[in-house]
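Data block for query-v4.tsv (TSV, C-alpha atoms):
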```tsv
chain	number	residue	atom	x	y	z
A	1	MET	CA	12.22	7.42	14.77
A	2	ARG	CA	9.43	5.22	16.08
A	3	VAL	CA	7.45	3.41	13.38
A	4	ALA	CA	4.02	1.80	13.70
A	5	ILE	CA	2.60	-0.39	10.94
A	6	VAL	CA	-1.20	-0.39	10.83
A	7	ILE	CA	-3.01	-2.95	8.68
A	8	PRO	CA	-6.63	-1.97	7.92
A	9	ALA	CA	-8.77	-5.05	7.32
A	10	ARG	CA	-12.48	-5.12	6.55
A	11	PHE	CA	-14.72	-8.10	6.00
A	12	ALA	CA	-16.88	-6.59	3.24
A	13	SER	CA	-15.51	-6.73	-0.31
A	14	SER	CA	-17.57	-6.59	-3.46
A	15	ARG	CA	-15.27	-8.99	-5.34
A	16	LEU	CA	-14.05	-11.22	-2.52
A	17	PRO	CA	-16.13	-11.02	0.69
A	18	GLY	CA	-14.38	-12.12	3.86
A	19	LYS	CA	-10.95	-12.24	2.23
A	20	PRO	CA	-8.91	-11.50	5.40
A	21	LEU	CA	-10.18	-14.84	6.74
A	22	LEU	CA	-9.34	-16.98	3.71
A	23	ARG	CA	-6.95	-19.75	4.78
A	24	ASP	CA	-6.32	-22.21	1.97
A	25	THR	CA	-2.61	-22.01	2.86
A	26	GLY	CA	-3.29	-23.04	6.45
A	27	LYS	CA	-2.94	-19.42	7.57
A	28	TYR	CA	-5.43	-16.58	7.39
A	29	LEU	CA	-4.68	-14.09	4.62
A	30	ILE	CA	-4.45	-11.37	7.27
A	31	GLN	CA	-1.88	-13.51	9.12
A	32	HIS	CA	0.35	-13.61	6.05
A	33	VAL	CA	0.23	-9.81	5.84
A	34	TYR	CA	0.85	-9.40	9.57
A	35	GLU	CA	3.87	-11.72	9.54
A	36	ARG	CA	5.41	-9.94	6.55
A	37	ALA	CA	4.98	-6.59	8.31
A	38	CYS	CA	6.65	-7.96	11.43
A	39	GLU	CA	9.71	-8.86	9.33
A	40	ALA	CA	10.33	-5.18	8.54
A	41	LYS	CA	13.33	-3.93	10.51
A	42	CYS	CA	11.70	-0.54	11.06
A	43	ALA	CA	8.62	-1.89	12.83
A	44	ASP	CA	8.26	-0.98	16.49
A	45	THR	CA	4.54	-1.82	16.49
A	46	VAL	CA	2.34	-3.85	14.12
A	47	VAL	CA	-1.43	-3.75	14.63
A	48	VAL	CA	-4.46	-4.81	12.60
A	49	ALA	CA	-7.28	-2.26	12.47
A	50	THR	CA	-10.72	-3.77	11.93
A	51	ASP	CA	-14.38	-3.32	12.76
A	52	HIS	CA	-15.27	-7.00	12.43
A	53	ASP	CA	-15.34	-9.43	15.35
A	54	ASP	CA	-14.35	-12.46	13.26
A	55	ILE	CA	-11.22	-10.69	12.03
A	56	ARG	CA	-10.43	-9.61	15.59
A	57	ALA	CA	-10.75	-13.23	16.74
A	58	ALA	CA	-8.58	-14.51	13.88
A	59	VAL	CA	-5.77	-12.07	14.65
A	60	ALA	CA	-5.95	-12.89	18.35
A	61	SER	CA	-5.76	-16.63	17.51
A	62	PHE	CA	-2.29	-16.27	15.96
A	63	GLY	CA	-1.06	-13.89	18.66
A	64	GLY	CA	-1.30	-10.68	16.66
A	65	ARG	CA	-2.17	-7.26	18.00
A	66	VAL	CA	-5.56	-5.93	16.91
A	67	ALA	CA	-7.53	-2.72	17.47
A	68	MET	CA	-11.27	-2.37	16.91
A	69	THR	CA	-12.45	0.71	15.01
A	70	ARG	CA	-15.69	2.39	14.07
A	71	ALA	CA	-17.64	0.74	11.26
A	72	ASP	CA	-18.45	3.93	9.33
A	73	HIS	CA	-15.01	4.85	8.00
A	74	PRO	CA	-15.16	5.80	4.30
A	75	SER	CA	-11.60	4.59	3.61
A	76	GLY	CA	-8.72	2.58	5.01
A	77	THR	CA	-6.87	5.83	5.66
A	78	ASP	CA	-9.58	6.94	8.08
A	79	ARG	CA	-9.43	3.58	9.84
A	80	VAL	CA	-5.65	3.86	10.15
A	81	ALA	CA	-5.98	7.43	11.47
A	82	GLU	CA	-8.32	6.30	14.26
A	83	VAL	CA	-5.85	3.67	15.45
A	84	ALA	CA	-2.79	5.90	14.95
A	85	ALA	CA	-4.24	8.40	17.43
A	86	THR	CA	-3.80	5.78	20.16
A	87	LEU	CA	-0.20	4.85	19.28
A	88	THR	CA	3.17	6.25	20.31
A	89	ALA	CA	4.89	6.67	16.95
A	90	ASP	CA	6.55	9.27	14.76
A	91	VAL	CA	5.65	7.54	11.50
A	92	VAL	CA	2.63	5.39	10.65
A	93	ILE	CA	2.80	2.99	7.71
A	94	ASN	CA	-0.44	1.80	6.13
A	95	VAL	CA	-0.08	-1.75	4.80
A	96	GLN	CA	-3.28	-3.02	3.21
A	97	GLY	CA	-4.67	-6.25	4.62
A	98	ASP	CA	-4.77	-7.87	1.18
A	99	GLU	CA	-1.08	-7.50	0.27
A	100	PRO	CA	0.60	-10.68	1.53
A	101	GLN	CA	3.53	-10.40	-0.90
A	102	LEU	CA	4.68	-6.91	0.08
A	103	GLU	CA	8.41	-7.17	0.77
A	104	PRO	CA	9.62	-6.18	4.26
A	105	ASP	CA	12.45	-4.25	2.55
A	106	ALA	CA	9.84	-2.11	0.78
A	107	ILE	CA	8.29	-1.26	4.14
A	108	ASP	CA	11.73	-0.29	5.46
A	109	LEU	CA	12.25	1.93	2.42
A	110	LEU	CA	9.03	3.79	3.24
A	111	ALA	CA	10.30	4.48	6.74
A	112	ASP	CA	13.66	5.70	5.43
A	113	LEU	CA	11.94	8.07	2.99
A	114	MET	CA	10.22	9.80	5.88
A	115	ARG	CA	13.58	11.03	7.19
A	116	ASP	CA	13.61	13.83	4.60
A	117	GLY	CA	10.80	15.72	6.33
A	118	SER	CA	7.99	14.87	3.90
A	119	ASP	CA	4.41	14.57	5.10
A	120	MET	CA	4.05	11.19	3.41
A	121	ALA	CA	5.97	8.57	1.47
A	122	THR	CA	4.88	6.00	-1.09
A	123	LEU	CA	6.37	3.59	-3.62
A	124	ALA	CA	6.57	3.25	-7.40
A	125	VAL	CA	7.90	0.77	-9.93
A	126	PRO	CA	9.18	1.37	-13.48
A	127	ILE	CA	6.44	1.03	-16.11
A	128	PRO	CA	7.43	-1.85	-18.40
A	129	ASP	CA	5.60	-1.14	-21.65
A	130	LEU	CA	3.23	1.01	-23.68
A	131	GLU	CA	0.18	-1.02	-22.65
A	132	ALA	CA	0.68	-0.25	-18.95
A	133	TYR	CA	1.58	3.37	-19.74
A	134	ARG	CA	-1.77	3.87	-21.51
A	135	ASN	CA	-3.88	1.82	-19.08
A	136	PRO	CA	-6.09	4.09	-16.91
A	137	ASN	CA	-6.11	1.44	-14.19
A	138	VAL	CA	-2.33	1.82	-13.86
A	139	VAL	CA	-1.77	4.97	-11.81
A	140	LYS	CA	1.26	6.96	-12.90
A	141	VAL	CA	3.43	9.31	-10.83
A	142	VAL	CA	5.89	12.00	-11.92
A	143	CYS	CA	8.61	13.11	-9.48
A	144	ASP	CA	10.99	16.04	-9.13
A	145	ASP	CA	14.76	15.76	-8.81
A	146	ARG	CA	14.46	15.18	-5.04
A	147	GLY	CA	12.18	12.20	-5.53
A	148	ARG	CA	9.04	14.00	-4.42
A	149	ALA	CA	5.77	13.53	-6.26
A	150	LEU	CA	4.71	16.29	-8.65
A	151	TYR	CA	1.49	14.62	-9.78
A	152	PHE	CA	-0.38	11.32	-9.90
A	153	SER	CA	-2.65	10.47	-12.81
A	154	ARG	CA	-4.52	7.74	-14.62
A	155	SER	CA	-3.43	9.38	-17.86
A	156	PRO	CA	-0.04	8.67	-19.49
A	157	ILE	CA	2.42	11.00	-17.74
A	158	PRO	CA	4.88	12.39	-18.46
A	159	ALA	CA	3.53	12.80	-22.00
A	160	VAL	CA	6.01	12.33	-24.83
A	161	ARG	CA	5.12	14.76	-27.61
A	162	ASP	CA	7.66	14.06	-30.37
A	163	ASP	CA	8.80	10.48	-29.82
A	164	GLU	CA	7.94	7.18	-28.12
A	165	PRO	CA	8.56	6.70	-24.38
A	166	ASP	CA	11.76	4.84	-23.50
A	167	PHE	CA	10.82	2.34	-20.82
A	168	ALA	CA	14.35	0.88	-20.65
A	169	ALA	CA	16.06	4.13	-19.65
A	170	ARG	CA	17.47	4.38	-16.13
A	171	PRO	CA	16.77	6.11	-13.90
A	172	ALA	CA	13.20	5.40	-14.89
A	173	ARG	CA	11.09	8.39	-15.96
A	174	PHE	CA	7.85	6.43	-16.35
A	175	LEU	CA	6.64	5.16	-12.99
A	176	GLN	CA	3.65	3.19	-11.80
A	177	HIS	CA	2.41	4.15	-8.35
A	178	LEU	CA	2.05	1.41	-5.74
A	179	GLY	CA	-0.66	2.09	-3.18
A	180	VAL	CA	1.24	1.74	0.09
A	181	TYR	CA	1.84	4.78	2.29
A	182	ALA	CA	3.78	6.11	5.24
A	183	TYR	CA	2.51	9.18	7.11
A	184	ARG	CA	3.97	11.52	9.64
A	185	ARG	CA	1.78	10.78	12.64
A	186	GLU	CA	0.59	14.34	13.22
A	187	PHE	CA	-0.18	14.77	9.49
A	188	LEU	CA	-2.42	11.70	9.22
A	189	PRO	CA	-5.46	12.98	11.18
A	190	ARG	CA	-5.23	16.33	9.40
A	191	ILE	CA	-5.35	14.85	5.92
A	192	ALA	CA	-8.03	12.33	6.91
A	193	ALA	CA	-10.22	15.24	8.08
A	194	THR	CA	-9.58	17.37	4.97
A	195	PRO	CA	-12.41	17.45	2.41
A	196	ALA	CA	-11.80	15.78	-0.92
A	197	HIS	CA	-9.85	18.01	-3.32
A	198	PRO	CA	-11.16	18.71	-6.85
A	199	LEU	CA	-8.12	16.92	-8.34
A	200	GLU	CA	-8.86	13.91	-6.14
A	201	GLN	CA	-12.48	13.90	-7.26
A	202	SER	CA	-11.50	14.17	-10.91
A	203	GLU	CA	-8.89	11.39	-10.97
A	204	LYS	CA	-10.42	9.35	-8.12
A	205	LEU	CA	-7.01	9.26	-6.45
A	206	GLU	CA	-6.89	9.96	-2.71
A	207	GLN	CA	-3.22	10.98	-2.71
A	208	LEU	CA	-4.10	14.07	-4.78
A	209	ARG	CA	-5.76	15.49	-1.67
A	210	VAL	CA	-2.25	15.79	-0.25
A	211	LEU	CA	-0.66	17.41	-3.30
A	212	GLY	CA	-3.69	19.60	-3.93
A	213	THR	CA	-3.46	21.10	-0.46
A	214	GLY	CA	0.32	21.67	-0.56
A	215	GLY	CA	1.57	18.50	1.10
A	216	ALA	CA	4.83	16.73	0.21
A	217	ILE	CA	5.03	13.04	-0.78
A	218	SER	CA	8.38	11.28	-1.16
A	219	VAL	CA	8.47	8.44	-3.68
A	220	GLY	CA	10.75	5.42	-3.46
A	221	VAL	CA	11.34	3.28	-6.54
A	222	VAL	CA	11.43	-0.49	-6.14
A	223	ALA	CA	12.27	-3.09	-8.78
A	224	HIS	CA	9.04	-5.09	-8.73
A	225	ALA	CA	5.38	-4.49	-7.95
A	226	HIS	CA	3.85	-6.59	-5.20
A	227	ARG	CA	0.58	-8.29	-6.09
A	228	GLY	CA	-2.52	-7.63	-4.00
A	229	VAL	CA	-5.50	-9.94	-3.56
A	230	ASP	CA	-8.67	-8.41	-4.99
A	231	THR	CA	-10.40	-11.35	-6.68
A	232	PRO	CA	-10.73	-15.14	-6.29
A	233	ALA	CA	-8.21	-15.51	-9.13
A	234	ASP	CA	-5.73	-13.29	-7.28
A	235	TYR	CA	-6.09	-15.41	-4.16
A	236	ALA	CA	-5.66	-18.65	-6.11
A	237	ALA	CA	-2.47	-17.23	-7.64
A	238	PHE	CA	-1.17	-16.30	-4.18
A	239	VAL	CA	-1.91	-19.79	-2.85
A	240	ARG	CA	0.01	-21.33	-5.75
A	241	TRP	CA	2.93	-18.96	-5.15
A	242	TYR	CA	2.95	-19.67	-1.41
A	243	ARG	CA	2.88	-23.44	-1.85
A	244	SER	CA	5.65	-23.27	-4.44
A	245	ALA	CA	7.79	-21.00	-2.28
A	246	ASP	CA	7.15	-23.13	0.80
A	247	SER	CA	8.08	-26.37	-0.98
A	248	GLY	CA	11.21	-24.67	-2.31
A	249	VAL	CA	12.27	-23.80	1.22
A	250	ARG	CA	11.72	-27.39	2.34
A	251	ARG	CA	13.74	-28.75	-0.60
A	252	ALA	CA	16.60	-26.36	0.15
A	253	ALA	CA	16.62	-27.45	3.78
```
How does the structure come out when it is put into structure tokens?
Amino acid sequence: MRVAIVIPARFASSRLPGKPLLRDTGKYLIQHVYERACEAKCADTVVVATDHDDIRAAVASFGGRVAMTRADHPSGTDRVAEVAATLTADVVINVQGDEPQLEPDAIDLLADLMRDGSDMATLAVPIPDLEAYRNPNVVKVVCDDRGRALYFSRSPIPAVRDDEPDFAARPARFLQHLGVYAYRREFLPRIAATPAHPLEQSEKLEQLRVLGTGGAISVGVVAHAHRGVDTPADYAAFVRWYRSADSGVRRAA
């Protein structure tokens, strides 16, 4: 099974403009993401998909592979679909350009999940407490016995009618969705071209376009959520983590 990892990266961001090019660590943020993706054992190809010349130049400067895309894509999925059409791959994994702490093992898990014949695969993590369970910004997913998604929601699911949810039980029943995806290559352009589904419009969750039109999504459960970079505070936290981790490596050596 040939696997391509595509990293969509755009310059515009309402909360952190130009974030792929931030380099307080000495490396571009997009370089951190690219190098993590290259550590995945499943990766046959890693490519950054962008419409911005400065990002293209940055990726080229550290020897990464980059593909230029149209500027009018409404989502990262559409950008990934444009690049995927030019690649020789069975599975395409979408790793967001602002997720420098995504574990390579998690990427490999996504690839493994695609061996069951699903159209897509994604990840989830056990919900730790009632606050997260009730938070509409924490997207929940409920799965069947095969590990395939039944539904995604911003509401608390599965609902517990007569008791309190048990967040310590294993296997975990209460799962937070993590927004990283693998697609079967031939499925990706089809779903990108499909109009938004009413469930997707209601919940504002793009993955409901797949379930609403009969697609299958496998869900892998990982122990910890990776932290993305959406705000200046997120980036400052990443820089602190990176410097601490880097100094730890030097001390161990």
In Å, with one decimal, what is the gap from CA of Leu110 in chain A to CA of Tyr133 in chain A?
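One can read the CA of Leu110 in chain A to CA of Tyr133 in chain A distance as 24.2 Å.
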Near-Pro100 in chain A list (10 Å; all atoms listed in the file; drop same-chain fewer than 2 positions) as a PyMOL selection string
chain A and resi 29-37+95-98+102-103+226-229+235+238+242
Counting all atoms listed in the file, the residue among A:Ile191, A:Leu150, A:Ala9, A:Val139 that lies closest to Leu205 in chain A is A:Val139
I'd like the neighbourhood of Ala168 in chain A as number ranges by chain, where a residue qualifies if any of its atoms comes within 10 Å (using all atoms listed in the file), though same-chain residues fewer than 6 positions away should be ignored.
A: 126-129, 174
Show me, as a PyMOL selection string, the residues that have an atom within 12 Å of Ser202 in chain A when counting all atoms listed in the file, minus same-chain residues fewer than 4 positions from it.
chain A and resi 152-155+196-198+206+208-209+212
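One finds CA of Arg184 in chain A at 20.4 Å from CA of Thr69 in chain A.
Here CA of Ala223 in chain A and CA of Gln207 in chain A stand 21.8 Å from one another.
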Put the listed atoms of range 44-47 of chain A in a box along x, y and z with 5 Å added on every side and give me the centre and edge lengths in Å to one decimal, as JSON.
```
{"center_x": 3.4, "center_y": -2.4, "center_z": 15.3, "size_x": 19.7, "size_y": 12.9, "size_z": 12.4}
```
Answer as a ChimeraX atom specification, residues within 9 Å of (-5.0, -0.3, 18.7) using all atoms listed in the file
/A:6,47-49,65-69,82-87
Ile5 in chain A: which residues within 6 Å, counting only C-alpha atoms, same-chain residues fewer than 5 positions away excluded, as a list in words?
Val46, Val92 and Ile93 of chain A
Would you put the residues from that selection into a file with C-alpha atoms, as a PDB file, in the frame of the given file?
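For reference, part24.pdb as written:
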```
ATOM      1  CA  VAL A  46       2.340  -3.850  14.120  1.00  0.00           C
ATOM      2  CA  VAL A  92       2.630   5.390  10.650  1.00  0.00           C
ATOM      3  CA  ILE A  93       2.800   2.990   7.710  1.00  0.00           C
TER       4      ILE A  93
END
```
Can you pull out every residue within 10 Å of range 116-119 of chain A, counting all atoms listed in the file, but drop anything in the same chain fewer than 2 positions away, and send it as a count of residues only?
22
Nearest to Ala124 in chain A among A:Pro104, A:Asp144, A:Val180, A:Asp166, with distances taken over only C-alpha atoms: which residue is it?
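Nearest to Ala124 in chain A: A:Val180.
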Which one of A:Asp72, A:Asp162, A:Asp24, A:Glu99 sits closest to Asp230 in chain A if you count all atoms listed in the file?
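Nearest candidate to Asp230 in chain A out of A:Asp72, A:Asp162, A:Asp24, A:Glu99: A:Glu99.
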Rank A:Ala233, A:Ala58, A:Ile157, A:Met1 by their smallest atom-to-atom distance to Arg115 in chain A, using only C-alpha atoms, and report the top residue only.
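The answer is A:Met1, which sits nearest to Arg115 in chain A.
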Place N, CA and C atoms on range 155-178 of chain A and deliver the coordinates as a CSV table (one decimal), in the frame of the given file.
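As written to disk, selection.csv reads:
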```csv
chain,number,residue,atom,x,y,z
A,155,SER,N,-3.9,9.1,-16.5
A,155,SER,CA,-3.4,9.4,-17.9
A,155,SER,C,-1.9,9.1,-18.0
A,156,PRO,N,-1.5,8.9,-19.3
A,156,PRO,CA,0.0,8.7,-19.5
A,156,PRO,C,0.8,9.9,-19.2
A,157,ILE,N,1.5,9.9,-18.1
A,157,ILE,CA,2.4,11.0,-17.7
A,157,ILE,C,3.8,10.4,-17.4
A,158,PRO,N,4.9,11.2,-17.7
A,158,PRO,CA,4.9,12.4,-18.5
A,158,PRO,C,4.6,12.1,-19.9
A,159,ALA,N,3.8,13.0,-20.6
A,159,ALA,CA,3.5,12.8,-22.0
A,159,ALA,C,4.8,13.0,-22.8
A,160,VAL,N,4.9,12.2,-23.9
A,160,VAL,CA,6.0,12.3,-24.8
A,160,VAL,C,5.5,12.9,-26.2
A,161,ARG,N,5.8,14.1,-26.5
A,161,ARG,CA,5.1,14.8,-27.6
A,161,ARG,C,5.7,14.3,-29.0
A,162,ASP,N,7.0,14.2,-29.1
A,162,ASP,CA,7.7,14.1,-30.4
A,162,ASP,C,8.3,12.7,-30.6
A,163,ASP,N,8.1,11.8,-29.7
A,163,ASP,CA,8.8,10.5,-29.8
A,163,ASP,C,8.0,9.4,-29.1
A,164,GLU,N,8.5,8.2,-28.9
A,164,GLU,CA,7.9,7.2,-28.1
A,164,GLU,C,8.6,7.1,-26.8
A,165,PRO,N,7.9,6.8,-25.7
A,165,PRO,CA,8.6,6.7,-24.4
A,165,PRO,C,9.6,5.6,-24.3
A,166,ASP,N,10.7,5.8,-23.7
A,166,ASP,CA,11.8,4.8,-23.5
A,166,ASP,C,11.6,4.2,-22.1
A,167,PHE,N,11.1,3.0,-22.1
A,167,PHE,CA,10.8,2.3,-20.8
A,167,PHE,C,12.1,1.6,-20.3
A,168,ALA,N,13.1,1.5,-21.1
A,168,ALA,CA,14.4,0.9,-20.6
A,168,ALA,C,15.3,1.9,-20.0
A,169,ALA,N,15.1,3.1,-20.2
A,169,ALA,CA,16.1,4.1,-19.6
A,169,ALA,C,16.1,4.1,-18.1
A,170,ARG,N,17.3,4.3,-17.6
A,170,ARG,CA,17.5,4.4,-16.1
A,170,ARG,C,18.3,5.6,-15.8
A,171,PRO,N,17.9,6.4,-14.8
A,171,PRO,CA,16.8,6.1,-13.9
A,171,PRO,C,15.5,6.2,-14.7
A,172,ALA,N,14.5,5.5,-14.2
A,172,ALA,CA,13.2,5.4,-14.9
A,172,ALA,C,12.5,6.7,-14.8
A,173,ARG,N,11.9,7.2,-15.9
A,173,ARG,CA,11.1,8.4,-16.0
A,173,ARG,C,9.6,8.1,-15.9
A,174,PHE,N,9.2,6.8,-16.3
A,174,PHE,CA,7.8,6.4,-16.4
A,174,PHE,C,7.6,5.5,-15.2
A,175,LEU,N,6.8,5.9,-14.2
A,175,LEU,CA,6.6,5.2,-13.0
A,175,LEU,C,5.2,4.8,-12.7
A,176,GLN,N,5.0,3.6,-12.3
A,176,GLN,CA,3.6,3.2,-11.8
A,176,GLN,C,3.6,3.3,-10.3
A,177,HIS,N,2.6,4.0,-9.8
A,177,HIS,CA,2.4,4.2,-8.4
A,177,HIS,C,1.9,2.9,-7.7
A,178,LEU,N,2.5,2.5,-6.6
A,178,LEU,CA,2.0,1.4,-5.7
A,178,LEU,C,1.4,2.0,-4.5
```
